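K.L.:
If it helps, the file is called structure12.txt and holds compact mmCIF, C-alpha atoms and all ligand atoms:
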# COMPACT_ATOMS: atom_id res chain seq x y z
CA MET Z 55 87.91 83.14 104.70
CA SER Z 56 91.20 81.47 103.72
CA TRP Z 57 93.23 82.95 100.88
CA GLN Z 58 92.47 79.86 98.78
CA GLU Z 59 88.72 80.41 99.17
CA GLU Z 60 89.09 84.08 98.39
CA PHE Z 61 91.18 83.28 95.30
CA LYS Z 62 88.34 81.09 93.97
CA LYS Z 63 86.16 84.22 93.91
CA ASN Z 64 88.29 85.91 91.24
CA ILE Z 65 86.47 87.35 88.25
CA THR Z 66 87.31 85.05 85.34
CA THR Z 67 84.37 85.34 82.90
CA ILE Z 68 82.82 88.20 80.94
CA GLU Z 69 79.44 87.29 82.51
CA GLN Z 70 80.91 88.07 85.93
CA LEU Z 71 82.73 91.17 84.69
CA LYS Z 72 79.64 92.78 83.20
CA GLU Z 73 78.03 92.85 86.64
CA TYR Z 74 80.62 95.45 87.62
CA ILE Z 75 81.58 97.21 84.40
CA ASP Z 76 79.23 98.42 81.66
CA LEU Z 77 79.86 96.44 78.48
CA THR Z 78 77.75 96.50 75.33
CA PRO Z 79 76.80 93.08 73.84
CA PHE Z 80 79.35 93.74 71.08
CA GLU Z 81 82.10 94.49 73.62
CA GLN Z 82 81.21 91.35 75.55
CA LYS Z 83 81.57 89.28 72.41
CA GLN Z 84 84.92 90.86 71.55
CA LEU Z 85 86.30 90.47 75.06
CA LYS Z 86 85.29 86.81 75.12
CA ARG Z 87 87.51 86.36 72.09
CA VAL Z 88 90.36 88.18 73.86
CA ILE Z 89 90.22 86.01 76.98
CA GLU Z 90 90.12 82.82 74.93
CA LYS Z 91 93.69 83.77 73.94
CA HIS Z 92 94.86 85.30 77.23
CA PRO Z 93 92.80 84.43 80.29
CA MET Z 94 91.33 87.05 82.57
CA SER Z 95 91.52 86.78 86.33
CA ILE Z 96 90.84 89.71 88.65
CA THR Z 97 91.00 89.47 92.43
CA ARG Z 98 88.16 90.95 94.47
CA HIS Z 99 90.73 93.20 96.14
CA TYR Z 100 91.89 94.71 92.84
CA LEU Z 101 88.34 94.94 91.51
CA SER Z 102 87.46 97.07 94.53
CA LEU Z 103 90.15 99.59 93.56
CA ILE Z 104 88.87 100.19 90.02
CA ASP Z 105 86.73 103.24 89.28
CA LYS Z 106 83.95 101.30 87.51
CA LYS Z 107 82.40 104.44 85.97
CA GLU Z 108 85.62 105.60 84.35
CA PRO Z 109 86.52 103.68 81.14
CA ASN Z 110 90.02 105.20 81.22
CA ASP Z 111 90.73 104.38 84.83
CA PRO Z 112 94.45 103.45 85.01
CA LEU Z 113 93.89 100.47 87.31
CA ARG Z 114 91.12 99.20 85.06
CA LYS Z 115 93.44 99.46 82.07
CA MET Z 116 96.04 97.24 83.76
CA ILE Z 117 93.65 94.38 84.56
CA VAL Z 118 90.52 94.46 82.37
CA PRO Z 119 90.92 92.98 78.86
CA SER Z 120 90.62 95.28 75.87
CA VAL Z 121 90.12 94.89 72.11
CA GLU Z 122 93.53 96.55 71.67
CA GLU Z 123 94.92 93.13 72.58
CA PHE Z 124 94.10 92.00 69.05
CA SER Z 125 97.14 93.99 67.88
CA LEU Z 126 99.99 91.67 66.97
CA SER Z 127 102.75 94.26 66.47
CA GLY Z 128 105.88 93.37 68.43
CA SER Z 129 107.31 90.03 69.49
CA TRP Z 130 106.37 87.28 71.96
CA ASP Z 131 109.84 87.35 73.46
CA PRO Z 132 111.56 90.74 72.92
CA SER Z 133 114.03 90.14 75.74
CA GLY Z 134 115.30 86.91 74.16
CA GLU Z 135 114.45 84.67 77.13
CA MET Z 136 114.40 81.58 74.91
CA GLN Z 137 118.07 82.12 74.01
CA ILE Z 138 119.21 82.00 77.64
CA THR Z 139 117.03 79.07 78.71
CA LYS Z 140 119.23 76.21 79.91
CA MET Z 141 116.40 73.77 80.61
CA PRO Z 142 112.63 74.26 80.87
CA GLY Z 143 112.10 76.88 83.59
CA LEU Z 144 115.75 77.87 84.13
CA GLN Z 145 117.30 80.94 82.54
CA HIS Z 146 120.91 81.96 83.02
CA LYS Z 147 120.25 85.66 82.49
CA TYR Z 148 123.61 87.27 83.13
CA SER Z 149 126.79 85.66 84.45
CA PRO Z 150 125.85 86.25 88.16
CA THR Z 151 122.07 85.82 87.83
CA ALA Z 152 119.81 82.81 87.24
CA LEU Z 153 116.03 82.93 86.96
CA ILE Z 154 113.51 80.19 87.67
CA LEU Z 155 110.08 80.25 86.06
CA SER Z 156 108.26 78.59 88.93
CA THR Z 157 104.70 78.65 87.59
CA SER Z 158 102.61 80.13 84.78
CA ARG Z 159 99.82 81.06 87.21
CA CYS Z 160 99.30 84.42 88.92
CA ALA Z 161 96.85 85.86 91.44
CA ALA Z 162 95.53 87.99 88.55
CA TYR Z 163 96.54 88.47 84.93
CA CYS Z 164 97.92 91.90 84.06
CA ARG Z 165 97.03 92.86 80.51
CA TYR Z 166 100.50 94.38 79.90
CA CYS Z 167 102.47 91.31 81.07
CA PHE Z 168 105.70 90.79 79.12
CA ARG Z 169 105.32 87.03 79.61
CA LYS Z 170 101.92 87.12 77.97
CA ARG Z 171 103.06 84.20 75.84
CA LEU Z 172 102.78 81.94 78.88
CA VAL Z 173 100.89 83.42 81.86
CA GLY Z 174 97.67 81.58 82.57
CA LEU Z 175 98.41 79.17 79.72
CA SER Z 176 99.81 75.68 79.54
CA THR Z 177 103.43 75.98 78.53
CA GLY Z 178 106.63 73.99 78.33
CA GLU Z 179 108.62 76.92 79.76
CA ILE Z 180 107.91 76.26 83.43
CA ILE Z 181 110.34 74.40 85.71
CA GLU Z 182 109.80 70.67 85.58
CA LYS Z 183 112.91 69.25 87.15
CA PHE Z 184 113.73 71.56 90.03
CA ASP Z 185 116.58 69.39 91.31
CA GLU Z 186 118.28 69.53 87.92
CA ALA Z 187 118.05 73.33 88.01
CA VAL Z 188 119.62 73.28 91.47
CA ASN Z 189 122.42 71.07 90.08
CA TYR Z 190 123.05 73.54 87.26
CA ILE Z 191 123.26 76.45 89.72
CA ASN Z 192 125.51 74.38 91.99
CA GLN Z 193 127.92 73.76 89.12
CA HIS Z 194 128.00 77.42 88.06
CA LYS Z 195 129.92 79.15 90.82
CA GLU Z 196 129.68 82.49 88.99
CA ILE Z 197 125.95 82.62 89.85
CA THR Z 198 125.57 84.76 92.99
CA ASN Z 199 121.79 85.15 93.11
CA VAL Z 200 118.66 83.46 91.84
CA LEU Z 201 115.37 85.16 91.05
CA ILE Z 202 112.27 83.00 91.45
CA SER Z 203 109.76 84.39 89.00
CA GLY Z 204 106.84 83.20 86.90
CA GLY Z 205 103.87 83.72 86.82
CA ASP Z 206 103.73 84.58 90.46
CA PRO Z 207 105.69 82.30 92.82
CA LEU Z 208 103.67 83.36 95.86
CA ILE Z 209 100.49 81.85 94.40
CA LEU Z 210 102.12 78.43 94.86
CA PRO Z 211 101.37 76.37 97.98
CA THR Z 212 103.49 77.44 100.96
CA GLU Z 213 105.13 73.96 101.19
CA MET Z 214 106.35 74.24 97.61
CA ILE Z 215 107.82 77.70 98.25
CA ASP Z 216 109.53 76.27 101.33
CA ASN Z 217 110.98 73.44 99.26
CA PHE Z 218 112.29 75.82 96.54
CA LEU Z 219 113.86 78.21 99.03
CA GLY Z 220 115.33 75.42 101.15
CA LYS Z 221 117.23 73.91 98.21
CA LEU Z 222 118.41 77.25 96.84
CA PHE Z 223 119.45 78.80 100.14
CA ALA Z 224 121.61 75.71 100.78
CA ILE Z 225 123.83 76.58 97.79
CA GLU Z 226 126.88 78.16 99.37
CA HIS Z 227 127.99 80.43 96.54
CA LEU Z 228 124.63 82.23 96.38
CA HIS Z 229 124.78 85.53 98.27
CA PHE Z 230 121.05 86.16 98.36
CA MET Z 231 117.77 85.05 96.81
CA ARG Z 232 114.95 87.01 95.20
CA ILE Z 233 111.27 86.44 94.64
CA GLY Z 234 109.44 88.54 92.03
CA THR Z 235 105.77 88.93 92.97
CA LYS Z 236 102.72 91.16 92.55
CA ILE Z 237 100.94 89.55 95.50
CA PRO Z 238 101.25 92.58 97.84
CA VAL Z 239 99.70 94.73 95.09
CA ILE Z 240 96.97 92.49 93.81
CA PHE Z 241 96.19 89.93 96.49
CA PRO Z 242 97.59 91.05 99.87
CA ASP Z 243 95.39 88.53 101.70
CA ARG Z 244 97.76 85.80 100.48
CA ILE Z 245 100.25 87.31 102.95
CA LEU Z 246 97.84 88.64 105.56
CA GLN Z 247 96.00 85.35 105.96
CA ASP Z 248 98.83 82.85 105.91
CA GLU Z 249 101.10 83.11 108.92
CA SER Z 250 102.88 79.94 107.72
CA LEU Z 251 104.03 81.71 104.54
CA LEU Z 252 105.52 84.52 106.63
CA SER Z 253 107.28 81.96 108.85
CA VAL Z 254 108.78 80.23 105.81
CA LEU Z 255 110.04 83.49 104.32
CA LYS Z 256 111.47 84.62 107.66
CA LYS Z 257 113.25 81.29 108.18
CA TYR Z 258 115.38 81.90 105.09
CA SER Z 259 116.10 85.62 105.42
CA THR Z 260 119.04 85.41 107.82
CA PRO Z 261 121.68 88.02 108.76
CA LYS Z 262 124.22 86.36 106.42
CA LYS Z 263 121.94 85.63 103.45
CA ARG Z 264 118.86 87.75 102.87
CA LEU Z 265 115.68 87.10 100.98
CA TYR Z 266 114.64 89.97 98.72
CA ILE Z 267 111.14 90.47 97.39
CA SER Z 268 110.65 92.53 94.23
CA THR Z 269 107.16 93.98 94.09
CA GLN Z 270 105.57 95.78 91.18
CA PHE Z 271 103.55 98.80 92.24
CA ASN Z 272 102.73 100.87 89.16
CA HIS Z 273 100.32 103.47 90.52
CA PRO Z 274 99.96 105.25 93.90
CA ARG Z 275 96.33 104.06 94.20
CA GLU Z 276 97.64 100.50 94.51
CA LEU Z 277 99.18 101.40 97.87
CA THR Z 278 96.11 100.49 99.87
CA GLU Z 279 95.86 99.96 103.59
CA LYS Z 280 95.92 96.15 103.04
CA SER Z 281 98.91 96.31 100.70
CA ILE Z 282 100.84 98.47 103.15
CA ARG Z 283 100.02 96.05 105.98
CA SER Z 284 101.27 93.11 103.90
CA ILE Z 285 104.51 94.99 103.17
CA ASN Z 286 104.93 95.77 106.86
CA LYS Z 287 104.53 92.07 107.73
CA LEU Z 288 107.29 91.17 105.26
CA LEU Z 289 109.60 93.92 106.53
CA ARG Z 290 109.09 92.74 110.10
CA ARG Z 291 110.26 89.26 108.97
CA SER Z 292 113.61 90.75 107.85
CA ILE Z 293 112.78 90.59 104.16
CA ILE Z 294 114.21 93.33 102.00
CA ILE Z 295 111.73 94.77 99.53
CA ASN Z 296 112.37 96.64 96.33
CA ASN Z 297 109.99 97.74 93.62
CA GLN Z 298 110.03 97.60 89.84
CA THR Z 299 107.55 99.94 88.17
CA VAL Z 300 106.64 99.44 84.51
CA LEU Z 301 106.10 102.70 82.62
CA LEU Z 302 102.68 102.27 81.00
CA LYS Z 303 100.70 104.49 78.63
CA GLY Z 304 97.46 105.71 80.17
CA VAL Z 305 98.48 104.34 83.56
CA ASN Z 306 101.50 106.16 84.97
CA ASP Z 307 102.94 108.14 82.02
CA ASP Z 308 102.95 111.32 84.05
CA PRO Z 309 105.83 112.76 86.15
CA GLU Z 310 103.46 113.59 89.02
CA ILE Z 311 102.25 109.97 89.26
CA ILE Z 312 105.74 108.48 89.01
CA ALA Z 313 107.08 110.90 91.63
CA ASP Z 314 104.14 110.37 93.98
CA LEU Z 315 104.51 106.59 93.68
CA GLN Z 316 108.27 106.50 94.32
CA ASN Z 317 107.92 108.89 97.29
CA LYS Z 318 105.19 106.78 98.84
CA LEU Z 319 107.14 103.54 98.25
CA SER Z 320 110.17 105.01 100.03
CA GLY Z 321 107.88 106.19 102.80
CA ILE Z 322 106.71 102.66 103.60
CA GLY Z 323 110.17 101.13 103.39
CA ILE Z 324 110.28 99.84 99.80
CA ILE Z 325 113.41 100.60 97.80
CA PRO Z 326 112.68 102.07 94.33
CA TYR Z 327 114.78 99.75 92.14
CA TYR Z 328 113.83 100.00 88.46
CA ILE Z 329 111.46 101.78 86.14
CA PHE Z 330 111.07 99.45 83.18
CA GLN Z 331 110.44 100.53 79.64
CA CYS Z 332 107.39 98.51 78.54
CA ARG Z 333 108.58 95.76 76.20
CA PRO Z 334 107.30 95.55 72.60
CA VAL Z 335 105.24 92.42 73.26
CA LYS Z 336 102.48 91.31 70.90
CA ARG Z 337 99.02 92.31 72.23
CA VAL Z 338 100.77 94.75 74.64
CA LYS Z 339 102.97 97.17 72.68
CA GLN Z 340 100.21 99.13 70.98
CA SER Z 341 98.16 99.90 74.07
CA PHE Z 342 100.85 100.23 76.73
CA GLN Z 343 104.25 101.26 75.37
CA VAL Z 344 105.40 104.86 75.82
CA PRO Z 345 108.04 106.06 73.30
CA LEU Z 346 111.56 106.19 74.76
CA TYR Z 347 111.93 109.95 74.27
CA LYS Z 348 108.66 110.67 76.08
CA GLY Z 349 109.54 108.09 78.72
CA TRP Z 350 112.84 109.79 79.39
CA MET Z 351 111.10 113.19 79.73
CA ILE Z 352 108.59 111.72 82.22
CA VAL Z 353 111.23 110.00 84.33
CA SER Z 354 113.53 113.00 84.23
CA LYS Z 355 110.78 115.42 85.33
CA ALA Z 356 109.74 112.98 88.07
CA LYS Z 357 113.33 112.84 89.35
CA HIS Z 358 113.33 116.61 89.75
CA LYS Z 359 110.54 116.21 92.29
CA LEU Z 360 112.25 113.47 94.30
CA ASN Z 361 114.79 113.30 97.10
CA GLY Z 362 117.85 111.09 96.73
CA HIS Z 363 116.22 108.10 98.45
CA SER Z 364 113.14 108.12 96.27
CA LYS Z 365 115.12 108.35 93.03
CA ARG Z 366 117.44 105.39 93.57
CA PHE Z 367 115.76 103.61 90.65
CA ARG Z 368 117.22 103.30 87.16
CA TYR Z 369 115.14 103.70 84.00
CA VAL Z 370 115.98 100.56 82.02
CA MET Z 371 115.09 98.48 79.00
CA SER Z 372 115.39 94.68 79.24
CA HIS Z 373 116.72 94.21 75.74
CA ARG Z 374 117.85 90.86 74.32
CA THR Z 375 121.47 92.15 74.46
CA GLY Z 376 121.27 93.14 78.12
CA LYS Z 377 119.71 95.46 80.66
CA ILE Z 378 120.24 98.90 79.16
CA GLU Z 379 119.96 102.04 81.24
CA ILE Z 380 118.45 105.06 79.51
CA LEU Z 381 120.79 107.79 80.72
CA GLY Z 382 119.70 110.99 79.05
CA ILE Z 383 119.63 113.31 76.08
CA ILE Z 384 122.18 115.76 74.71
CA ASP Z 385 121.10 117.78 71.66
CA ASP Z 386 119.52 115.28 69.25
CA GLU Z 387 121.00 112.12 70.74
CA MET Z 388 119.97 109.68 73.46
CA TYR Z 389 122.63 108.11 75.68
CA PHE Z 390 122.52 104.56 77.01
CA ARG Z 391 124.70 102.23 79.09
CA PHE Z 392 124.77 98.45 79.47
CA HIS Z 393 123.91 97.94 83.13
CA GLU Z 394 123.97 94.16 82.51
CA ALA Z 395 125.12 92.54 79.29
CA ARG Z 396 124.72 89.12 77.71
CA ASP Z 397 128.12 89.64 76.06
CA PRO Z 398 130.58 90.50 78.88
CA LYS Z 399 132.47 92.78 76.47
CA ASN Z 400 129.48 95.15 76.55
CA LEU Z 401 129.20 95.43 80.32
CA GLY Z 402 129.24 99.11 81.30
CA ARG Z 403 129.58 100.25 77.68
CA LEU Z 404 128.15 103.69 76.92
CA PHE Z 405 126.57 104.32 73.54
CA LYS Z 406 124.26 106.79 71.84
CA ARG Z 407 121.60 106.88 69.15
CA LYS Z 408 119.97 109.70 67.19
CA ILE Z 409 116.58 110.54 68.70
CA ASN Z 410 113.51 109.08 67.05
CA TYR Z 411 110.48 110.56 68.81
CA THR Z 412 108.25 107.55 68.18
CA ALA Z 413 110.73 104.73 68.89
CA GLY Z 414 109.78 102.54 71.85
CA TRP Z 415 112.71 100.11 71.77
CA LEU Z 416 116.40 100.14 70.95
CA ASP Z 417 115.84 98.29 67.66
CA GLU Z 418 113.82 101.25 66.37
CA LEU Z 419 116.65 103.76 66.92
S1 LIG K 501 101.52 89.11 88.09
FE1 LIG K 501 103.46 89.42 86.97
S2 LIG K 501 103.71 87.55 85.73
FE2 LIG K 501 101.56 87.62 86.42
S3 LIG K 501 100.45 88.63 84.75
FE3 LIG K 501 101.02 90.23 86.23
S4 LIG K 501 102.98 91.02 85.46
FE4 LIG K 501 102.63 89.03 84.45
Translate the structure described by the file into structure tokens.
Ligand code: SF4
P.N.:
Amino acid sequence: MSWQEEFKKNITTIEQLKEYIDLTPFEQKQLKRVIEKHPMSITRHYLSLIDKKEPNDPLRKMIVPSVEEFSLSGSWDPSGEMQITKMPGLQHKYSPTALILSTSRCAAYCRYCFRKRLVGLSTGEIIEKFDEAVNYINQHKEITNVLISGGDPLILPTEMIDNFLGKLFAIEHLHFMRIGTKIPVIFPDRILQDESLLSVLKKYSTPKKRLYISTQFNHPRELTEKSIRSINKLLRRSIIINNQTVLLKGVNDDPEIIADLQNKLSGIGIIPYYIFQCRPVKRVKQSFQVPLYKGWMIVSKAKHKLNGHSKRFRYVMSHRTGKIEILGIIDDEMYFRFHEARDPKNLGRLFKRKINYTAGWLDEL
């Protein structure tokens, strides 16, 4: 079966879902209301990983809609992406980094997505005029790398990915390119069953200018035999892979799970890059965000179990003022540093805040 045919078999309705997961008529009605706002799509691969008998299964929590999504506390755009948008689908994030929103579609829709405002929905935020974005990047010599994001870029047709990469890799002042994708986690057959995609990716990852892929494994159970094979295929095509884990309540808020995951990622050749504080997004914050203090304790205890390779990640918060690393605690204060900053004056700046045990975001400290 081709990956396109397999993709058509995703679970997208509550009628389909209830064949696999017990749902009362009331729950079915409620979840129908949820997916009218934020669509559901679950690949057969990911469905097979869920423990269907366990309502609190961490993998189920990440992908199956919940009534907690009715909660509107938080913001639709806590990282201030609108403020750095230069044209639809092009963000100039930090001086050296641009980001392209290539599509609003994904192989599956994660319930904790920080771009919940747009994934699976029609939106004006997606790239329309790719050549104009390329012109902008061409004119801004300070940009050294571009991240193709979304949605999930690898759900696009291979020819379109080829076209995007071809135009971007031709820009001389870019040192490397990145693709952010959950495909190896959620739909590895997209890689395993399309040799032409692998050829396209390999064509661009050359000794002088590499292609990086940022995956998002959040739980050790996601490292299945198929996922590992898809990662191996990418590595064998000279693609460098790093991972960004999101710290999520009821999913991986446990030092043992974080440590196990980072160890296993290092074991299969993936570089642990970031652990992200879950953003205070509407319909996400209430069910998924771990308070910063607790998050720091989890990450810190996990680091004690890890070797140097497996703890190369930083624990960060993508705040509207910049990417802020959560450094640690002394007495009753938390210490932070601007790893990236929207205002160049802040770059590298250390600062501290008095601990608030329930705060989940800088604005609450
Ligand atoms: S694959 Fe990425 S962009 Fe798509 S819903 Fe999941 S987290 Fe969001």
K.L.:
Please report as a Markdown table every residue of chain Z lying within 8 Å of ligand LIG 501 (chain K), along with the nearest atom pair and their distance in Å (one decimal), using only C-alpha atoms and all ligand atoms.
P.N.:
| residue | atom | partner | partner_atom | distance |
| --- | --- | --- | --- | --- |
| Z:Ser158 | CA | K:LIG501 | S2 | 7.6 |
| Z:Arg159 | CA | K:LIG501 | FE2 | 6.8 |
| Z:Cys160 | CA | K:LIG501 | FE2 | 4.6 |
| Z:Ala161 | CA | K:LIG501 | S1 | 6.6 |
| Z:Ala162 | CA | K:LIG501 | S1 | 6.1 |
| Z:Tyr163 | CA | K:LIG501 | S3 | 3.9 |
| Z:Cys164 | CA | K:LIG501 | FE3 | 4.1 |
| Z:Arg165 | CA | K:LIG501 | S3 | 6.9 |
| Z:Tyr166 | CA | K:LIG501 | S4 | 7.0 |
| Z:Cys167 | CA | K:LIG501 | FE4 | 4.1 |
| Z:Phe168 | CA | K:LIG501 | FE4 | 6.4 |
| Z:Arg169 | CA | K:LIG501 | FE4 | 5.9 |
| Z:Lys170 | CA | K:LIG501 | FE4 | 6.8 |
| Z:Val173 | CA | K:LIG501 | S3 | 6.0 |
| Z:Gly174 | CA | K:LIG501 | S3 | 7.9 |
| Z:Ser203 | CA | K:LIG501 | S2 | 7.6 |
| Z:Gly204 | CA | K:LIG501 | S2 | 5.5 |
| Z:Gly205 | CA | K:LIG501 | S2 | 4.0 |
| Z:Asp206 | CA | K:LIG501 | FE2 | 5.5 |
| Z:Gly234 | CA | K:LIG501 | FE1 | 7.9 |
| Z:Thr235 | CA | K:LIG501 | FE1 | 6.4 |
| Z:Lys236 | CA | K:LIG501 | S1 | 5.1 |
| Z:Ile237 | CA | K:LIG501 | S1 | 7.4 |
| Z:Gln270 | CA | K:LIG501 | S4 | 7.9 |
K.L.:
Interatomic distance between atom CA of Val353 of chain Z and atom CA of Ile312 of chain Z?
P.N.:
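Atom CA of Val353 of chain Z sits 7.4 Å away from atom CA of Ile312 of chain Z.
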K.L.:
Fewer than 4 positions away in the same chain doesn't count, so skip those; otherwise give me all residues within 8 Å of Arg114 of chain Z, counting all atoms listed in the file, as a ChimeraX atom specification.
P.N.:
/Z:104-106,109-110,118
K.L.:
May I ask which of the residues Z:Leu175, Z:Trp415, Z:Lys339, Z:Leu315 is the closest one to Glu123 of chain Z, counting all atoms listed in the file?
P.N.:
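With all atoms listed in the file as the atom set, the closest residue is Z:Lys339.
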K.L.:
With distances taken over all atoms listed in the file, which of Z:Leu251, Z:Pro112, Z:Glu196, Z:Arg275 is nearest to Asp307 of chain Z?
P.N.:
Z:Pro112
K.L.:
Using Å and a single decimal, report how far atom CA of Glu69 of chain Z sits from atom CA of Val121 of chain Z.
P.N.:
16.7 Å
K.L.:
Which neighbours of Val338 of chain Z fall inside 12 Å, counting only C-alpha atoms, when residues of the same chain fewer than 4 positions from it are skipped, and could you give them as an MDAnalysis selection string?
P.N.:
chainID Z and resid 92 115:116 119:132 164:171 302:303 332:334 342:344
K.L.:
Rounded to one decimal, what separation in Å do you get between atom CA of Arg291 of chain Z and atom CA of Ile245 of chain Z?
P.N.:
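Spanning atom CA of Arg291 of chain Z to atom CA of Ile245 of chain Z is a straight-line distance of 11.8 Å.
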K.L.:
Can you tell me which residues surround Ala395 of chain Z at a distance of at most 7 Å, considering all atoms listed in the file, apart from same-chain residues fewer than 3 positions away, and format the answer as JSON, numbers by chain?
P.N.:
{"Z": [148, 375, 376, 377, 392, 398, 400, 401]}
K.L.:
Take segment 96-162 of chain Z from the block and save it with C-alpha atoms, as a PDB file, in the first residue's frame.
P.N.:
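Final file, result_1.pdb:
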ATOM      1  CA  ILE Z  96      -4.947   9.575  13.905  1.00  0.00           C
ATOM      2  CA  THR Z  97      -2.722   7.375  11.773  1.00  0.00           C
ATOM      3  CA  ARG Z  98      -3.195   3.605  11.940  1.00  0.00           C
ATOM      4  CA  HIS Z  99       0.422   3.355  13.085  1.00  0.00           C
ATOM      5  CA  TYR Z 100      -0.121   5.627  16.088  1.00  0.00           C
ATOM      6  CA  LEU Z 101      -3.479   4.043  16.890  1.00  0.00           C
ATOM      7  CA  SER Z 102      -1.705   0.687  17.164  1.00  0.00           C
ATOM      8  CA  LEU Z 103       0.568   2.094  19.885  1.00  0.00           C
ATOM      9  CA  ILE Z 104      -2.239   3.267  22.171  1.00  0.00           C
ATOM     10  CA  ASP Z 105      -3.286   1.118  25.123  1.00  0.00           C
ATOM     11  CA  LYS Z 106      -7.024   1.175  24.302  1.00  0.00           C
ATOM     12  CA  LYS Z 107      -8.056  -0.109  27.747  1.00  0.00           C
ATOM     13  CA  GLU Z 108      -6.206   2.601  29.646  1.00  0.00           C
ATOM     14  CA  PRO Z 109      -8.007   5.995  29.656  1.00  0.00           C
ATOM     15  CA  ASN Z 110      -4.841   7.662  30.999  1.00  0.00           C
ATOM     16  CA  ASP Z 111      -2.498   6.152  28.465  1.00  0.00           C
ATOM     17  CA  PRO Z 112       0.098   8.863  27.652  1.00  0.00           C
ATOM     18  CA  LEU Z 113       0.045   8.201  23.902  1.00  0.00           C
ATOM     19  CA  ARG Z 114      -3.744   8.306  23.900  1.00  0.00           C
ATOM     20  CA  LYS Z 115      -3.641  11.643  25.703  1.00  0.00           C
ATOM     21  CA  MET Z 116      -1.444  13.166  22.985  1.00  0.00           C
ATOM     22  CA  ILE Z 117      -3.689  12.207  20.068  1.00  0.00           C
ATOM     23  CA  VAL Z 118      -7.278  11.498  21.182  1.00  0.00           C
ATOM     24  CA  PRO Z 119      -9.480  14.589  21.707  1.00  0.00           C
ATOM     25  CA  SER Z 120     -10.688  15.387  25.210  1.00  0.00           C
ATOM     26  CA  VAL Z 121     -13.361  17.602  26.775  1.00  0.00           C
ATOM     27  CA  GLU Z 122     -10.525  19.487  28.503  1.00  0.00           C
ATOM     28  CA  GLU Z 123     -10.066  21.174  25.125  1.00  0.00           C
ATOM     29  CA  PHE Z 124     -13.078  23.327  25.939  1.00  0.00           C
ATOM     30  CA  SER Z 125     -10.828  25.301  28.312  1.00  0.00           C
ATOM     31  CA  LEU Z 126      -9.970  28.686  26.850  1.00  0.00           C
ATOM     32  CA  SER Z 127      -7.352  29.808  29.387  1.00  0.00           C
ATOM     33  CA  GLY Z 128      -4.166  30.975  27.686  1.00  0.00           C
ATOM     34  CA  SER Z 129      -3.558  32.562  24.306  1.00  0.00           C
ATOM     35  CA  TRP Z 130      -3.725  31.454  20.668  1.00  0.00           C
ATOM     36  CA  ASP Z 131      -0.237  32.765  20.040  1.00  0.00           C
ATOM     37  CA  PRO Z 132       1.839  32.911  23.265  1.00  0.00           C
ATOM     38  CA  SER Z 133       5.123  32.985  21.361  1.00  0.00           C
ATOM     39  CA  GLY Z 134       4.118  36.101  19.423  1.00  0.00           C
ATOM     40  CA  GLU Z 135       4.470  34.531  15.960  1.00  0.00           C
ATOM     41  CA  MET Z 136       2.148  37.136  14.432  1.00  0.00           C
ATOM     42  CA  GLN Z 137       4.557  39.924  15.440  1.00  0.00           C
ATOM     43  CA  ILE Z 138       7.474  38.409  13.512  1.00  0.00           C
ATOM     44  CA  THR Z 139       5.508  37.444  10.394  1.00  0.00           C
ATOM     45  CA  LYS Z 140       6.930  39.263   7.375  1.00  0.00           C
ATOM     46  CA  MET Z 141       4.423  37.908   4.854  1.00  0.00           C
ATOM     47  CA  PRO Z 142       1.904  35.051   5.062  1.00  0.00           C
ATOM     48  CA  GLY Z 143       3.916  31.936   5.916  1.00  0.00           C
ATOM     49  CA  LEU Z 144       7.291  33.614   6.566  1.00  0.00           C
ATOM     50  CA  GLN Z 145       8.524  34.438  10.054  1.00  0.00           C
ATOM     51  CA  HIS Z 146      11.843  36.123  10.768  1.00  0.00           C
ATOM     52  CA  LYS Z 147      12.238  34.561  14.201  1.00  0.00           C
ATOM     53  CA  TYR Z 148      15.650  35.739  15.339  1.00  0.00           C
ATOM     54  CA  SER Z 149      18.268  37.633  13.352  1.00  0.00           C
ATOM     55  CA  PRO Z 150      19.898  34.412  11.937  1.00  0.00           C
ATOM     56  CA  THR Z 151      16.735  32.297  11.654  1.00  0.00           C
ATOM     57  CA  ALA Z 152      13.728  32.370   9.321  1.00  0.00           C
ATOM     58  CA  LEU Z 153      10.772  30.000   9.488  1.00  0.00           C
ATOM     59  CA  ILE Z 154       8.409  28.961   6.717  1.00  0.00           C
ATOM     60  CA  LEU Z 155       4.921  27.695   7.508  1.00  0.00           C
ATOM     61  CA  SER Z 156       4.679  25.317   4.580  1.00  0.00           C
ATOM     62  CA  THR Z 157       1.254  23.791   5.235  1.00  0.00           C
ATOM     63  CA  SER Z 158      -1.451  23.618   7.900  1.00  0.00           C
ATOM     64  CA  ARG Z 159      -1.837  19.854   7.399  1.00  0.00           C
ATOM     65  CA  CYS Z 160      -0.159  17.089   9.404  1.00  0.00           C
ATOM     66  CA  ALA Z 161      -0.079  13.300   9.303  1.00  0.00           C
ATOM     67  CA  ALA Z 162      -2.048  13.425  12.578  1.00  0.00           C
TER      68      ALA Z 162
END
